[in-house]
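Source file: final_29.pdb. Holds: PDB, C-alpha atoms.
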```pdb
ATOM      1  CA  MET A 200     -38.437   4.162  11.392
ATOM      2  CA  ILE A 201     -35.992   1.793  13.019
ATOM      3  CA  THR A 202     -34.714  -0.818  10.589
ATOM      4  CA  PRO A 203     -32.559  -3.892  11.280
ATOM      5  CA  GLN A 204     -29.727  -2.152   9.467
ATOM      6  CA  SER A 205     -29.959   0.995  11.616
ATOM      7  CA  GLN A 206     -30.061  -1.186  14.726
ATOM      8  CA  ARG A 207     -26.861  -2.888  13.634
ATOM      9  CA  VAL A 208     -25.227   0.501  13.015
ATOM     10  CA  ASP A 209     -26.341   1.772  16.442
ATOM     11  CA  ALA A 210     -24.934  -1.339  18.089
ATOM     12  CA  LEU A 211     -21.668  -0.900  16.224
ATOM     13  CA  VAL A 212     -21.324   2.708  17.390
ATOM     14  CA  ARG A 213     -22.198   1.826  20.993
ATOM     15  CA  HIS A 214     -19.526  -0.850  21.042
ATOM     16  CA  ALA A 215     -16.829   1.185  19.274
ATOM     17  CA  ALA A 216     -14.608   0.911  22.348
ATOM     18  CA  THR A 217     -14.458  -2.874  22.005
ATOM     19  CA  ALA A 218     -10.934  -4.236  21.598
ATOM     20  CA  TRP A 219      -9.557  -3.955  18.056
ATOM     21  CA  GLU A 220      -8.714  -7.646  17.870
ATOM     22  CA  GLU A 221     -12.295  -8.676  18.641
ATOM     23  CA  MET A 222     -13.947  -6.204  16.273
ATOM     24  CA  ALA A 223     -11.534  -6.703  13.413
ATOM     25  CA  GLY A 224     -11.590 -10.462  13.753
ATOM     26  CA  ARG A 225     -15.374 -10.651  13.871
ATOM     27  CA  TYR A 226     -16.018  -8.594  10.741
ATOM     28  CA  ALA A 227     -12.958  -9.619   8.743
ATOM     29  CA  ARG A 228     -13.935 -13.285   9.000
ATOM     30  CA  SER A 229     -17.444 -12.612   7.765
ATOM     31  CA  SER A 230     -18.295 -14.379   4.520
ATOM     32  CA  GLU A 231     -20.644 -11.540   3.569
ATOM     33  CA  PRO A 232     -18.754  -8.579   2.030
ATOM     34  CA  PHE A 233     -19.723  -4.991   2.680
ATOM     35  CA  PRO A 234     -22.270  -3.911   0.038
ATOM     36  CA  ASP A 235     -20.028  -1.100  -1.260
ATOM     37  CA  ILE A 236     -16.983   1.022  -0.364
ATOM     38  CA  HIS A 237     -19.145   3.647   1.375
ATOM     39  CA  ALA A 238     -20.437   1.105   3.900
ATOM     40  CA  LEU A 239     -16.925  -0.158   4.541
ATOM     41  CA  LEU A 240     -15.527   3.351   5.038
ATOM     42  CA  PHE A 241     -18.248   4.141   7.560
ATOM     43  CA  PHE A 242     -17.415   0.976   9.458
ATOM     44  CA  LEU A 243     -13.679   1.790   9.428
ATOM     45  CA  ALA A 244     -14.367   5.322  10.683
ATOM     46  CA  VAL A 245     -16.215   3.888  13.674
ATOM     47  CA  LEU A 246     -13.581   1.216  14.213
ATOM     48  CA  ALA A 247     -10.858   3.904  14.243
ATOM     49  CA  ILE A 248     -12.365   5.775  17.199
ATOM     50  CA  GLY A 249      -9.675   6.034  19.843
ATOM     51  CA  ARG A 250      -6.987   4.368  17.758
ATOM     52  CA  LYS A 251      -4.753   5.074  14.784
ATOM     53  CA  LEU A 252      -5.364   2.633  11.960
ATOM     54  CA  LEU A 253      -3.190   1.981   8.939
ATOM     55  CA  TYR A 254      -4.929   0.904   5.723
ATOM     56  CA  ARG A 255      -4.026  -0.755   2.444
ATOM     57  CA  GLY A 256      -6.470  -0.820  -0.479
ATOM     58  CA  GLN A 257      -6.388  -3.572  -3.100
ATOM     59  CA  VAL A 258      -8.662  -3.617  -6.132
ATOM     60  CA  ASN A 259      -8.805  -7.428  -6.126
ATOM     61  CA  ALA A 260     -10.043  -8.979  -2.893
ATOM     62  CA  GLU A 261      -8.332 -12.270  -3.737
ATOM     63  CA  TRP A 262      -4.837 -10.793  -3.478
ATOM     64  CA  ASP A 263      -2.893 -11.571  -0.319
ATOM     65  CA  LEU A 264      -0.392  -9.403   1.520
ATOM     66  CA  GLU A 265       2.850 -10.141  -0.302
ATOM     67  CA  PRO A 266       5.655  -7.734  -1.215
ATOM     68  CA  THR A 267       6.609  -7.349  -4.856
ATOM     69  CA  LEU A 268      10.124  -8.657  -4.252
ATOM     70  CA  VAL A 269       8.771 -12.032  -3.149
ATOM     71  CA  ARG A 270       6.404 -12.206  -6.136
ATOM     72  CA  ARG A 271       9.083 -11.272  -8.661
ATOM     73  CA  LEU A 272      11.622 -13.744  -7.302
ATOM     74  CA  LYS A 273       9.000 -16.493  -7.455
ATOM     75  CA  GLU A 274       8.434 -15.528 -11.086
ATOM     76  CA  GLY A 275      12.129 -16.023 -11.799
ATOM     77  CA  TRP A 276      13.413 -12.459 -11.833
ATOM     78  CA  ASP A 277      17.141 -12.197 -11.248
ATOM     79  CA  SER A 278      17.866 -10.932  -7.737
ATOM     80  CA  GLN A 279      21.105  -9.128  -8.552
ATOM     81  CA  THR A 280      19.503  -7.311 -11.474
ATOM     82  CA  ILE A 281      16.784  -6.040  -9.154
ATOM     83  CA  VAL A 282      19.375  -4.750  -6.679
ATOM     84  CA  GLU A 283      21.333  -3.022  -9.449
ATOM     85  CA  ALA A 284      18.217  -1.366 -10.892
ATOM     86  CA  LYS A 285      17.218   0.033  -7.516
ATOM     87  CA  GLN A 286      20.719   1.304  -6.837
ATOM     88  CA  ARG A 287      20.771   2.991 -10.231
ATOM     89  CA  TYR A 288      17.465   4.661  -9.389
ATOM     90  CA  VAL A 289      18.693   5.906  -6.012
ATOM     91  CA  ASP A 290      21.893   7.216  -7.625
ATOM     92  CA  GLN A 291      19.931   9.113 -10.256
ATOM     93  CA  VAL A 292      17.633  10.561  -7.605
ATOM     94  CA  HIS A 293      20.743  11.864  -5.860
ATOM     95  CA  ASP A 294      21.777  13.556  -9.118
ATOM     96  CA  LEU A 295      18.512  15.496  -9.460
ATOM     97  CA  SER A 296      18.753  19.256  -9.207
ATOM     98  CA  ASP A 297      16.551  19.091  -6.098
ATOM     99  CA  ARG A 298      19.103  17.861  -3.546
ATOM    100  CA  ARG A 299      16.681  17.358  -0.676
ATOM    101  CA  HIS A 300      16.608  13.587  -1.194
ATOM    102  CA  LEU A 301      20.302  13.089  -0.390
ATOM    103  CA  ARG A 302      19.695  12.602   3.323
ATOM    104  CA  LEU A 303      17.484   9.508   3.093
ATOM    105  CA  THR A 304      18.447   6.593   5.330
ATOM    106  CA  GLU A 305      18.852   3.090   3.888
ATOM    107  CA  PRO A 306      15.335   1.966   4.959
ATOM    108  CA  GLU A 307      13.945   5.208   3.499
ATOM    109  CA  LYS A 308      15.722   4.550   0.186
ATOM    110  CA  GLU A 309      14.132   1.108   0.081
ATOM    111  CA  ALA A 310      10.727   2.633   0.858
ATOM    112  CA  LEU A 311      11.307   5.188  -1.917
ATOM    113  CA  CYS A 312      11.967   2.335  -4.360
ATOM    114  CA  GLN A 313       8.828   0.574  -3.162
ATOM    115  CA  HIS A 314       6.652   3.603  -3.715
ATOM    116  CA  TYR A 315       7.994   4.150  -7.216
ATOM    117  CA  GLY A 316       7.394   0.629  -8.432
ATOM    118  CA  PHE A 317      10.548  -1.396  -7.762
ATOM    119  CA  PRO A 318      10.425  -4.823  -6.067
ATOM    120  CA  THR A 319      11.135  -4.471  -2.331
ATOM    121  CA  VAL A 320      10.364  -6.090   1.004
ATOM    122  CA  TYR A 321       7.950  -3.315   1.963
ATOM    123  CA  LEU A 322       4.181  -2.955   1.638
ATOM    124  CA  ASP A 323       2.480   0.416   1.041
ATOM    125  CA  PHE A 324      -0.017   1.461   3.714
ATOM    126  CA  THR A 325      -1.699   4.789   4.463
ATOM    127  CA  TYR A 326      -3.152   6.543   7.485
ATOM    128  CA  ASN A 327      -6.026   7.855   5.351
ATOM    129  CA  SER A 328      -8.905   5.444   4.737
ATOM    130  CA  ALA A 329     -10.096   7.465   1.715
ATOM    131  CA  VAL A 330      -6.663   7.051   0.081
ATOM    132  CA  ALA A 331      -6.859   3.308   0.667
ATOM    133  CA  ALA A 332     -10.353   3.324  -0.836
ATOM    134  CA  PHE A 333      -9.046   5.239  -3.870
ATOM    135  CA  PHE A 334      -6.599   2.435  -4.633
ATOM    136  CA  ALA A 335      -9.115  -0.272  -3.732
ATOM    137  CA  LEU A 336     -11.409   1.181  -6.424
ATOM    138  CA  GLY A 337      -8.691   1.000  -9.076
ATOM    139  CA  GLY A 338      -6.563   4.076  -8.400
ATOM    140  CA  ALA A 339      -5.429   6.347 -11.209
ATOM    141  CA  ASP A 340      -5.999   3.578 -13.784
ATOM    142  CA  ARG A 341      -9.718   3.840 -13.087
ATOM    143  CA  TYR A 342      -9.762   7.392 -14.485
ATOM    144  CA  ALA A 343      -8.057   6.256 -17.690
ATOM    145  CA  ARG A 344     -10.431   3.303 -18.095
ATOM    146  CA  PRO A 345     -13.514   4.154 -16.022
ATOM    147  CA  SER A 346     -15.678   1.338 -17.340
ATOM    148  CA  THR A 347     -13.029  -1.338 -16.774
ATOM    149  CA  LEU A 348     -13.423  -3.026 -13.399
ATOM    150  CA  PRO A 349     -12.559  -6.708 -13.881
ATOM    151  CA  TYR A 350     -12.954  -7.746 -10.242
ATOM    152  CA  LYS A 351     -16.181  -8.402  -8.364
ATOM    153  CA  ALA A 352     -14.816  -7.329  -4.996
ATOM    154  CA  GLY A 353     -12.030  -5.215  -3.551
ATOM    155  CA  ALA A 354     -10.453  -5.169  -0.111
ATOM    156  CA  VAL A 355      -9.064  -2.801   2.484
ATOM    157  CA  TRP A 356      -6.572  -4.207   4.969
ATOM    158  CA  ALA A 357      -6.235  -2.447   8.319
ATOM    159  CA  PHE A 358      -4.326  -2.713  11.558
ATOM    160  CA  ASP A 359      -3.976  -0.704  14.743
ATOM    161  CA  ALA A 360      -0.680   1.197  14.562
ATOM    162  CA  MET A 361      -0.977   2.145  18.255
ATOM    163  CA  GLY A 362      -1.848  -1.291  19.580
ATOM    164  CA  GLU A 363       0.310  -3.187  22.054
ATOM    165  CA  SER A 364       1.698  -5.487  19.348
ATOM    166  CA  SER A 365       2.368  -2.730  16.802
ATOM    167  CA  ASP A 366       5.966  -2.427  17.998
ATOM    168  CA  ALA A 367       6.568  -5.885  16.540
ATOM    169  CA  VAL A 368       6.668  -4.474  12.985
ATOM    170  CA  GLU A 369       8.969  -1.989  11.333
ATOM    171  CA  LEU A 370       7.284   1.053   9.770
ATOM    172  CA  VAL A 371       9.066   3.625   7.615
ATOM    173  CA  THR A 372       7.777   7.138   6.978
ATOM    174  CA  LEU A 373       9.349   9.069   4.125
ATOM    175  CA  PRO A 374      10.085  12.755   4.806
ATOM    176  CA  SER A 375       7.752  15.410   3.461
ATOM    177  CA  GLN A 376      10.088  16.416   0.621
ATOM    178  CA  VAL A 377       9.207  13.111  -1.070
ATOM    179  CA  MET A 378       5.960  14.639  -2.222
ATOM    180  CA  ARG A 379       3.796  11.844  -3.614
ATOM    181  CA  PRO A 380       3.844   9.429  -0.640
ATOM    182  CA  TRP A 381       3.372  12.433   1.646
ATOM    183  CA  LEU A 382       0.231  13.438  -0.250
ATOM    184  CA  GLN A 383      -0.974   9.853   0.072
ATOM    185  CA  HIS A 384      -0.294   9.795   3.835
ATOM    186  CA  GLY A 385       1.943   6.861   3.059
ATOM    187  CA  GLU A 386       3.595   4.495   5.496
ATOM    188  CA  PHE A 387       5.723   1.482   4.590
ATOM    189  CA  LEU A 388       5.497  -1.792   6.479
ATOM    190  CA  HIS A 389       8.464  -4.160   6.474
ATOM    191  CA  TYR A 390       6.984  -7.521   5.527
ATOM    192  CA  GLN A 391       9.656  -9.702   7.123
ATOM    193  CA  SER A 392       9.258  -7.957  10.477
ATOM    194  CA  LEU A 393       5.555  -8.801  10.287
ATOM    195  CA  ILE A 394       5.824 -12.510   9.485
ATOM    196  CA  SER A 395       8.707 -13.135  11.882
ATOM    197  CA  ALA A 396       7.220 -11.297  14.884
ATOM    198  CA  GLU A 397       6.468 -13.400  17.946
ATOM    199  CA  ASN A 398       3.407 -11.301  18.700
ATOM    200  CA  PRO A 399       2.350  -9.809  15.333
ATOM    201  CA  PRO A 400      -0.465  -7.245  15.195
ATOM    202  CA  THR A 401      -3.862  -8.265  13.879
ATOM    203  CA  ILE A 402      -4.122  -7.191  10.246
ATOM    204  CA  ALA A 403      -7.728  -7.553   9.180
ATOM    205  CA  LYS A 404      -8.956  -7.842   5.605
ATOM    206  CA  PHE A 405     -12.334  -6.224   4.880
ATOM    207  CA  ILE A 406     -14.011  -7.056   1.570
ATOM    208  CA  PHE A 407     -16.526  -4.891  -0.303
ATOM    209  CA  ARG A 408     -18.464  -5.303  -3.543
ATOM    210  CA  HIS A 409     -17.374  -3.257  -6.548
ATOM    211  CA  HIS A 410     -19.869  -0.965  -8.297
ATOM    212  CA  PRO A 411     -18.714   0.677 -11.559
ATOM    213  CA  ASP A 412     -20.635   3.885 -10.812
ATOM    214  CA  ILE A 413     -19.061   4.503  -7.387
ATOM    215  CA  TRP A 414     -16.097   6.879  -7.187
ATOM    216  CA  ILE A 415     -14.191   8.048  -4.165
ATOM    217  CA  ASP A 416     -13.607  11.715  -5.063
ATOM    218  CA  GLU A 417     -16.522  13.060  -3.039
ATOM    219  CA  LEU A 418     -15.195  11.409   0.122
ATOM    220  CA  TYR A 419     -11.877  13.253   0.051
ATOM    221  CA  ASP A 420     -12.104  16.934   0.967
ATOM    222  CA  LEU A 421      -9.948  18.896  -1.490
ATOM    223  CA  GLY A 422     -11.786  22.141  -0.845
ATOM    224  CA  PRO A 423     -15.038  23.687  -2.098
ATOM    225  CA  HIS A 424     -13.508  25.008  -5.319
ATOM    226  CA  SER A 425     -11.604  21.905  -6.374
ATOM    227  CA  THR A 426     -12.584  20.476  -9.752
ATOM    228  CA  ALA A 427      -9.547  18.252 -10.338
ATOM    229  CA  PRO A 428     -10.042  14.501  -9.919
ATOM    230  CA  LEU A 429      -8.496  12.903  -6.878
ATOM    231  CA  SER A 430      -5.965  11.087  -9.063
ATOM    232  CA  ILE A 431      -4.304  14.404 -10.004
ATOM    233  CA  TYR A 432      -3.837  15.191  -6.320
ATOM    234  CA  LEU A 433      -2.618  11.798  -5.139
ATOM    235  CA  VAL A 434      -0.589  10.977  -8.273
ATOM    236  CA  PRO A 435       0.676  14.333  -9.641
ATOM    237  CA  ARG A 436       1.434  14.402 -13.346
ATOM    238  CA  ARG A 437       4.683  16.283 -12.787
ATOM    239  CA  ASP A 438       6.871  14.206 -10.492
ATOM    240  CA  PRO A 439      10.654  14.093 -11.119
ATOM    241  CA  LEU A 440      10.992  10.996  -8.944
ATOM    242  CA  GLU A 441       8.454   9.113 -11.066
ATOM    243  CA  GLU A 442      10.009  10.369 -14.288
ATOM    244  CA  THR A 443      13.400   9.129 -13.107
ATOM    245  CA  ALA A 444      11.978   5.748 -12.086
ATOM    246  CA  ARG A 445       9.938   5.090 -15.224
ATOM    247  CA  GLY A 446      12.748   4.257 -17.630
ATOM    248  CA  ILE A 447      14.758   2.141 -15.180
ATOM    249  CA  ARG A 448      11.632   0.301 -14.042
ATOM    250  CA  SER A 449      10.547  -0.461 -17.613
ATOM    251  CA  GLU A 450      14.020  -1.650 -18.597
ATOM    252  CA  LEU A 451      14.123  -3.957 -15.575
ATOM    253  CA  ALA A 452      10.762  -5.498 -16.468
ATOM    254  CA  ARG A 453      11.667  -5.940 -20.141
ATOM    255  CA  ASN A 454      14.969  -7.619 -19.331
ATOM    256  CA  GLN A 455      13.433 -10.055 -16.886
ATOM    257  CA  GLU A 456      10.559 -10.962 -19.201
ATOM    258  CA  ARG A 457      12.919 -11.444 -22.141
ATOM    259  CA  GLU A 458      15.623 -13.413 -20.382
ATOM    260  CA  GLY A 459      13.357 -15.369 -18.073
ATOM    261  CA  ASN A 460      16.110 -15.546 -15.465
ATOM    262  CA  ALA A 461      15.415 -17.871 -12.578
ATOM    263  CA  ASP A 462      17.025 -17.357  -9.209
ATOM    264  CA  HIS A 463      16.627 -20.858  -7.764
ATOM    265  CA  ASP A 464      17.972 -19.796  -4.415
ATOM    266  CA  TRP A 465      15.588 -16.857  -4.203
ATOM    267  CA  PHE A 466      14.439 -17.457  -0.630
ATOM    268  CA  GLU A 467      17.981 -17.460   0.710
ATOM    269  CA  PHE A 468      18.628 -14.245  -1.197
ATOM    270  CA  TYR A 469      15.422 -12.775   0.173
ATOM    271  CA  ARG A 470      16.487 -13.581   3.733
ATOM    272  CA  LYS A 471      19.903 -11.959   3.244
ATOM    273  CA  PHE A 472      18.316  -8.978   1.490
ATOM    274  CA  VAL A 473      15.928  -8.455   4.396
ATOM    275  CA  ASP A 474      18.739  -8.702   6.942
ATOM    276  CA  LYS A 475      20.720  -6.092   5.041
ATOM    277  CA  ALA A 476      17.742  -3.758   4.763
ATOM    278  CA  VAL A 477      17.071  -4.047   8.495
ATOM    279  CA  HIS A 478      20.607  -3.682   9.806
ATOM    280  CA  ASP A 479      21.932  -1.076   7.397
TER     281      ASP A 479
END
```
Starting from the file, lay out its structure as structure tokens.
Amino acid sequence: MITPQSQRVDALVRHAATAWEEMAGRYARSSEPFPDIHALLFFLAVLAIGRKLLYRGQVNAEWDLEPTLVRRLKEGWDSQTIVEAKQRYVDQVHDLSDRRHLRLTEPEKEALCQHYGFPTVYLDFTYNSAVAAFFALGGADRYARPSTLPYKAGAVWAFDAMGESSDAVELVTLPSQVMRPWLQHGEFLHYQSLISAENPPTIAKFIFRHHPDIWIDELYDLGPHSTAPLSIYLVPRRDPLEETARGIRSELARNQEREGNADHDWFEFYRKFVDKAVHD
């Protein structure tokens, strides 16, 4: 039986070769969200035919694309304290018994800080739509509190990393020895390069409705004998880089919340910080 829904799906598949800008713009501007994450993932799989998409999952559809450094400086966090905390983290990573992280470039060090929870100018993306869906459904926190889903809708952002305008943005890939972002197929987008580009790529935001009983584990092939939840694979419990970051990150947050420091010239600092990150 041919239904209106199946006709729409057939039309979508037939027109999969349509330009990314047209397809992404048409569906991202729709006021009607996808009914669930499964429907959105199917759509993204079709949309990715012939192109290489990068994705970012956010559990709250109302959140915009904004790096943590910008948010924290707006909240009054002290810029120099942030810089010092990140440098302390990088120094301690260098002192780990595993010396493979010593060869990171300056942009890679900043991406490392981003991935492990420090305020930076980067945004986490992934080449794997199921990983983006995992975070859009609540990530590892969802396993700890499975019944807690305070948002009505989540979102997956996507853009064509092979499109003509993709060269306008800076992307950083951490080497494979940095295990956790490698498992997550992570890629780090430099926010300033995006907003300052003359011809920025189209980054589309696709919204889906949350359902407390929907999980993403079955969509990610970990093998026929795997019984571990996806969170154990994507966020390993034993991670020296996370263990090193945790104390410094918590101390930074406590100090800023207690002191309530306000950097009134935060935007000027942000501009200089971005320039340094780019040119170093």
Residues selected by the PyMOL selection byres ((chain A and resi 258) around 7), written as a PyMOL selection string: chain A and resi 256-257+259-260+334-337+353-354
Open item on the list: So that I can check the surroundings of A:Tyr342, please list as a ChimeraX atom specification every protein, DNA and RNA residue that reaches within 10 Å of it, counting all atoms listed in the file and ignoring chain neighbours fewer than 2 positions away.
Closed with: /A:337-340,344-347,414,428-431
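Nearest to A:Ile413 of all the residues A:Pro232, A:Gly316, A:Arg341, A:Lys251 is A:Arg341, based on all atoms listed in the file.
With atom CA of A:Ser392 on one side and atom CA of A:Glu369 on the other, the separation reads 6.0 Å.
The coordinates place atom CA of A:Asp297 at 29.1 Å from atom CA of A:Arg453.
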Output of the PyMOL selection byres ((chain A and resi 309) around 12), listed as a VMD selection string = chain A and resid 268 281 to 282 284 to 286 288 to 289 303 to 308 310 to 323 370 to 373 387 to 389 472 to 473 475 to 477 479
**Request:** For A:Leu295, please output as an MDAnalysis selection string all residues within 12 Å (counting all atoms listed in the file; exclusion window: fewer than 5 positions along the same chain).
**Result:** chainID A and resid 288:290 300:301 438:440 442:443
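We find atom CA of A:Leu264 and atom CA of A:Ala396 to be spaced 15.5 Å apart.
With only C-alpha atoms as the atoms that count, the minimum distance from A:Asp235 to the choices A:Ala352, A:Pro400, A:Glu386, A:Ala247 is reached by A:Ala352.
Proximity to A:Trp381 at 12 Å, evaluated using only C-alpha atoms and with sequence-adjacent residues fewer than 2 positions away removed, yields Leu311, His314, Phe324, Thr325, Tyr326, Asn327, Val330, Thr372, Leu373, Pro374, Ser375, Gln376, Val377, Met378, Arg379, Gln383, His384, Gly385, Glu386, Phe387, Tyr432, Leu433, Val434 and Pro435 of chain A.
Residues matching the PyMOL selection byres ((chain A and resi 367) around 9) in this structure come to Glu363, Ser364, Ser365, Asp366, Val368, Glu369, Ser392, Leu393, Ser395, Ala396, Glu397, Asn398, Pro399 and Pro400 of chain A.
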Taking the partial coordinates given, rebuild stretch 366-378 of chain A to contain N, CA, C and O atoms; return it as a PDB file, in the coordinates of the input.
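What landed in selection_25.pdb:
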```
ATOM      1  N   ASP A 366       4.514  -2.573  17.952  1.00  0.00           N
ATOM      2  CA  ASP A 366       5.966  -2.427  17.998  1.00  0.00           C
ATOM      3  C   ASP A 366       6.679  -3.622  17.385  1.00  0.00           C
ATOM      4  O   ASP A 366       7.893  -3.569  17.169  1.00  0.00           O
ATOM      5  N   ALA A 367       5.949  -4.691  17.108  1.00  0.00           N
ATOM      6  CA  ALA A 367       6.568  -5.885  16.540  1.00  0.00           C
ATOM      7  C   ALA A 367       6.917  -5.712  15.066  1.00  0.00           C
ATOM      8  O   ALA A 367       7.646  -6.520  14.507  1.00  0.00           O
ATOM      9  N   VAL A 368       6.404  -4.668  14.407  1.00  0.00           N
ATOM     10  CA  VAL A 368       6.668  -4.474  12.985  1.00  0.00           C
ATOM     11  C   VAL A 368       7.423  -3.181  12.761  1.00  0.00           C
ATOM     12  O   VAL A 368       7.305  -2.223  13.531  1.00  0.00           O
ATOM     13  N   GLU A 369       8.226  -3.184  11.713  1.00  0.00           N
ATOM     14  CA  GLU A 369       8.969  -1.989  11.333  1.00  0.00           C
ATOM     15  C   GLU A 369       8.154  -1.162  10.355  1.00  0.00           C
ATOM     16  O   GLU A 369       7.677  -1.678   9.339  1.00  0.00           O
ATOM     17  N   LEU A 370       7.975   0.121  10.644  1.00  0.00           N
ATOM     18  CA  LEU A 370       7.284   1.053   9.770  1.00  0.00           C
ATOM     19  C   LEU A 370       8.249   2.170   9.381  1.00  0.00           C
ATOM     20  O   LEU A 370       9.004   2.658  10.211  1.00  0.00           O
ATOM     21  N   VAL A 371       8.208   2.558   8.117  1.00  0.00           N
ATOM     22  CA  VAL A 371       9.066   3.625   7.615  1.00  0.00           C
ATOM     23  C   VAL A 371       8.181   4.731   7.067  1.00  0.00           C
ATOM     24  O   VAL A 371       7.271   4.478   6.269  1.00  0.00           O
ATOM     25  N   THR A 372       8.461   5.960   7.500  1.00  0.00           N
ATOM     26  CA  THR A 372       7.777   7.138   6.978  1.00  0.00           C
ATOM     27  C   THR A 372       8.770   7.963   6.181  1.00  0.00           C
ATOM     28  O   THR A 372       9.824   8.334   6.706  1.00  0.00           O
ATOM     29  N   LEU A 373       8.474   8.229   4.932  1.00  0.00           N
ATOM     30  CA  LEU A 373       9.349   9.069   4.125  1.00  0.00           C
ATOM     31  C   LEU A 373       9.151  10.533   4.501  1.00  0.00           C
ATOM     32  O   LEU A 373       8.035  10.952   4.834  1.00  0.00           O
ATOM     33  N   PRO A 374      10.219  11.330   4.447  1.00  0.00           N
ATOM     34  CA  PRO A 374      10.085  12.755   4.806  1.00  0.00           C
ATOM     35  C   PRO A 374       9.208  13.504   3.821  1.00  0.00           C
ATOM     36  O   PRO A 374       8.968  13.057   2.693  1.00  0.00           O
ATOM     37  N   SER A 375       8.746  14.664   4.236  1.00  0.00           N
ATOM     38  CA  SER A 375       7.752  15.410   3.461  1.00  0.00           C
ATOM     39  C   SER A 375       8.264  15.871   2.104  1.00  0.00           C
ATOM     40  O   SER A 375       7.470  16.126   1.202  1.00  0.00           O
ATOM     41  N   GLN A 376       9.598  15.973   1.922  1.00  0.00           N
ATOM     42  CA  GLN A 376      10.088  16.416   0.621  1.00  0.00           C
ATOM     43  C   GLN A 376       9.862  15.368  -0.471  1.00  0.00           C
ATOM     44  O   GLN A 376       9.936  15.678  -1.652  1.00  0.00           O
ATOM     45  N   VAL A 377       9.591  14.129  -0.089  1.00  0.00           N
ATOM     46  CA  VAL A 377       9.207  13.111  -1.070  1.00  0.00           C
ATOM     47  C   VAL A 377       7.696  13.264  -1.243  1.00  0.00           C
ATOM     48  O   VAL A 377       6.907  12.644  -0.535  1.00  0.00           O
ATOM     49  N   MET A 378       7.300  14.074  -2.202  1.00  0.00           N
ATOM     50  CA  MET A 378       5.960  14.639  -2.222  1.00  0.00           C
ATOM     51  C   MET A 378       4.852  13.606  -2.353  1.00  0.00           C
ATOM     52  O   MET A 378       3.868  13.642  -1.606  1.00  0.00           O
TER      53      MET A 378
END
```
